[in-house]
file my_file-v7.cif (mmCIF, C-alpha atoms and all ligand atoms)
data_work
loop_
_atom_site.group_PDB
_atom_site.id
_atom_site.type_symbol
_atom_site.label_atom_id
_atom_site.label_comp_id
_atom_site.auth_asym_id
_atom_site.auth_seq_id
_atom_site.Cartn_x
_atom_site.Cartn_y
_atom_site.Cartn_z
ATOM 1 C CA MET A 8 34.186 87.184 120.218
ATOM 2 C CA THR A 9 35.060 85.106 117.170
ATOM 3 C CA GLN A 10 32.374 85.079 114.501
ATOM 4 C CA THR A 11 31.844 81.978 112.381
ATOM 5 C CA ILE A 12 30.192 81.605 108.992
ATOM 6 C CA ASN A 13 28.853 78.640 107.035
ATOM 7 C CA LEU A 14 29.601 77.768 103.424
ATOM 8 C CA THR A 15 29.575 74.596 101.339
ATOM 9 C CA ILE A 16 32.384 72.732 99.592
ATOM 10 C CA ASP A 17 30.982 70.353 96.975
ATOM 11 C CA GLY A 18 27.650 70.581 98.766
ATOM 12 C CA VAL A 19 29.043 69.675 102.183
ATOM 13 C CA ALA A 20 28.531 72.317 104.864
ATOM 14 C CA ILE A 21 31.607 73.656 106.648
ATOM 15 C CA THR A 22 31.930 76.276 109.365
ATOM 16 C CA VAL A 23 34.941 78.601 109.449
ATOM 17 C CA VAL A 24 36.012 81.706 111.307
ATOM 18 C CA GLU A 25 35.082 84.910 109.463
ATOM 19 C CA GLY A 26 38.047 86.107 107.403
ATOM 20 C CA THR A 27 39.279 82.601 106.596
ATOM 21 C CA SER A 28 40.423 82.164 102.987
ATOM 22 C CA VAL A 29 38.750 79.563 100.812
ATOM 23 C CA ALA A 30 42.143 77.806 100.595
ATOM 24 C CA ALA A 31 42.222 77.498 104.386
ATOM 25 C CA ALA A 32 38.642 76.202 104.356
ATOM 26 C CA LEU A 33 39.704 73.583 101.789
ATOM 27 C CA ALA A 34 42.557 72.566 104.091
ATOM 28 C CA ARG A 35 39.983 71.791 106.780
ATOM 29 C CA SER A 36 37.933 69.581 104.451
ATOM 30 C CA PRO A 37 38.472 65.792 104.234
ATOM 31 C CA LEU A 38 40.167 66.204 100.829
ATOM 32 C CA PRO A 39 42.237 69.389 100.965
ATOM 33 C CA ALA A 40 42.914 69.607 97.227
ATOM 34 C CA ALA A 41 41.476 72.249 94.936
ATOM 35 C CA ARG A 42 41.760 70.332 91.682
ATOM 36 C CA LEU A 43 43.313 67.386 89.843
ATOM 37 C CA SER A 44 46.355 67.543 87.585
ATOM 38 C CA VAL A 45 46.067 66.317 83.996
ATOM 39 C CA SER A 46 47.432 62.958 85.198
ATOM 40 C CA GLY A 47 44.805 62.770 87.964
ATOM 41 C CA GLN A 48 46.935 63.698 90.977
ATOM 42 C CA LEU A 49 45.488 65.820 93.800
ATOM 43 C CA ARG A 50 46.673 69.433 93.568
ATOM 44 C CA PRO A 51 46.265 71.366 96.829
ATOM 45 C CA PRO A 52 46.871 75.116 97.124
ATOM 46 C CA PHE A 53 50.630 75.712 97.196
ATOM 47 C CA CYS A 54 51.928 79.284 97.373
ATOM 48 C CA GLY A 55 49.055 80.946 99.211
ATOM 49 C CA MET A 56 49.764 84.273 97.528
ATOM 50 C CA GLY A 57 48.131 84.146 94.101
ATOM 51 C CA VAL A 58 51.135 83.068 92.043
ATOM 52 C CA CYS A 59 51.038 79.290 91.432
ATOM 53 C CA GLN A 60 47.374 79.027 90.299
ATOM 54 C CA GLU A 61 47.090 75.616 91.985
ATOM 55 C CA CYS A 62 44.048 76.747 93.947
ATOM 56 C CA ARG A 63 41.798 77.566 90.969
ATOM 57 C CA ILE A 64 38.290 76.527 91.910
ATOM 58 C CA THR A 65 34.697 77.474 91.235
ATOM 59 C CA ILE A 66 33.226 79.855 93.796
ATOM 60 C CA ASP A 67 29.593 80.864 93.359
ATOM 61 C CA GLY A 68 29.809 79.847 89.697
ATOM 62 C CA LYS A 69 32.987 81.754 88.825
ATOM 63 C CA ARG A 70 36.587 80.539 88.589
ATOM 64 C CA ARG A 71 38.610 82.113 91.399
ATOM 65 C CA LEU A 72 41.829 81.641 93.317
ATOM 66 C CA ALA A 73 40.945 80.067 96.653
ATOM 67 C CA CYS A 74 43.956 81.617 98.385
ATOM 68 C CA GLN A 75 42.891 85.130 97.369
ATOM 69 C CA THR A 76 39.206 84.762 98.207
ATOM 70 C CA PRO A 77 37.837 85.222 101.730
ATOM 71 C CA CYS A 78 34.961 82.971 102.741
ATOM 72 C CA ARG A 79 31.525 84.541 102.889
ATOM 73 C CA ALA A 80 28.358 83.200 104.482
ATOM 74 C CA GLY A 81 26.434 80.993 102.052
ATOM 75 C CA MET A 82 29.318 80.733 99.575
ATOM 76 C CA ARG A 83 29.286 77.682 97.278
ATOM 77 C CA VAL A 84 32.722 76.240 96.546
ATOM 78 C CA GLU A 85 32.862 73.506 93.914
ATOM 79 C CA ARG A 86 35.738 71.430 92.649
ATOM 80 C CA ASP A 87 35.738 70.187 89.049
ATOM 81 C CA ALA A 88 33.147 67.492 88.306
ATOM 82 C CA LYS A 89 35.974 65.064 87.417
ATOM 83 C CA PHE A 90 37.467 65.565 90.890
ATOM 84 C CA ARG A 91 34.185 64.838 92.599
ATOM 85 C CA SER A 92 33.382 61.753 90.508
ATOM 86 C CA ASP A 93 36.909 60.322 90.995
ATOM 87 C CA GLN A 94 36.560 60.647 94.774
ATOM 88 C CA HIS A 95 33.248 58.827 94.916
ATOM 89 C CA ASP A 96 34.016 55.816 92.678
HETATM 90 S S1 LIG B 101 47.810 78.787 96.267
HETATM 91 FE FE1 LIG B 101 49.046 79.578 94.685
HETATM 92 S S2 LIG B 101 47.708 80.895 93.596
HETATM 93 FE FE2 LIG B 101 46.526 80.185 95.263
#
call {"tool": "encode", "arguments": {"input": "my_file-v7.cif", "output": "structure tokens"}}
result
Amino acid sequence: MTQTINLTIDGVAITVVEGTSVAAALARSPLPAARLSVSGQLRPPFCGMGVCQECRITIDGKRRLACQTPCRAGMRVERDAKFRSDQHD
């Protein structure tokens, strides 16, 4: 039987299958980007293997690579404040 866990991305609850990476959880969210570029473009995870650094994101208060981090129950994933404010203007 497949086990699911709950976490939050920018405060919004999401349910994923246990073992899912944070990058994959981001891909299931309405805005699948991890951060913004310096020019304000959405930057989603790219390589999926810890090389490109495009998936840097805050997980439980620490900067991590989303593609190298498995989801855990109760995990808090947060994009940069600039990202969140730009999406809600
Ligand atoms: S997607 Fe490239 S380092 Fe995570």
call {"tool": "residues_around", "arguments": {"input": "my_file-v7.cif", "residues": "segment 16-26 of chain A", "least_positions_apart": "3", "cutoff": "8 Å", "atoms": "only C-alpha atoms", "output": "NGL selection string"}}
result
:A and (9-13 or 32-33 or 36 or 77-79 or 83-86 or 91)
call {"tool": "axis_aligned_box", "arguments": {"input": "my_file-v7.cif", "around": "ligand LIG 101 (chain B)", "padding_each_side": "3 Å", "output": "AutoDock Vina command-line options"}}
result
--center_x 47.8 --center_y 79.8 --center_z 94.9 --size_x 8.5 --size_y 8.1 --size_z 8.7
call {"tool": "residues_near_ligand", "arguments": {"input": "my_file-v7.cif", "ligand": "ligand LIG 101 (chain B)", "cutoff": "8 Å", "atoms": "only C-alpha atoms and all ligand atoms", "output": "PyMOL selection string"}}
result
chain A and resi 30+51-63+72-75
call {"tool": "closest_residue", "arguments": {"input": "my_file-v7.cif", "among": "A:Leu43, A:Gln48, A:Ile64, A:Arg70", "to": "Lys89 of chain A", "atoms": "all atoms listed in the file"}}
result
A:Leu43
call {"tool": "residues_near_point", "arguments": {"input": "my_file-v7.cif", "point": "(46.7, 64.5, 97.6)", "cutoff": "12 Å", "atoms": "all atoms listed in the file", "output": "compact mmCIF listing (two decimals) with C-alpha atoms, in the frame of the given file"}}
result
# COMPACT_ATOMS: atom_id res chain seq x y z
CA ALA A 34 42.56 72.57 104.09
CA PRO A 37 38.47 65.79 104.23
CA LEU A 38 40.17 66.20 100.83
CA PRO A 39 42.24 69.39 100.96
CA ALA A 40 42.91 69.61 97.23
CA ALA A 41 41.48 72.25 94.94
CA ARG A 42 41.76 70.33 91.68
CA LEU A 43 43.31 67.39 89.84
CA SER A 44 46.36 67.54 87.58
CA GLY A 47 44.80 62.77 87.96
CA GLN A 48 46.94 63.70 90.98
CA LEU A 49 45.49 65.82 93.80
CA ARG A 50 46.67 69.43 93.57
CA PRO A 51 46.26 71.37 96.83
CA PRO A 52 46.87 75.12 97.12
CA PHE A 53 50.63 75.71 97.20
CA PHE A 90 37.47 65.56 90.89
CA GLN A 94 36.56 60.65 94.77
call {"tool": "atom_distance", "arguments": {"input": "my_file-v7.cif", "atom1": "atom CA of Leu14 of chain A", "atom2": "atom CA of Ser46 of chain A"}}
result
29.5 Å
call {"tool": "closest_residue", "arguments": {"input": "my_file-v7.cif", "among": "A:Arg35, A:Val45, A:Thr27, A:Thr15", "to": "Met82 of chain A", "atoms": "only C-alpha atoms"}}
result
A:Thr15
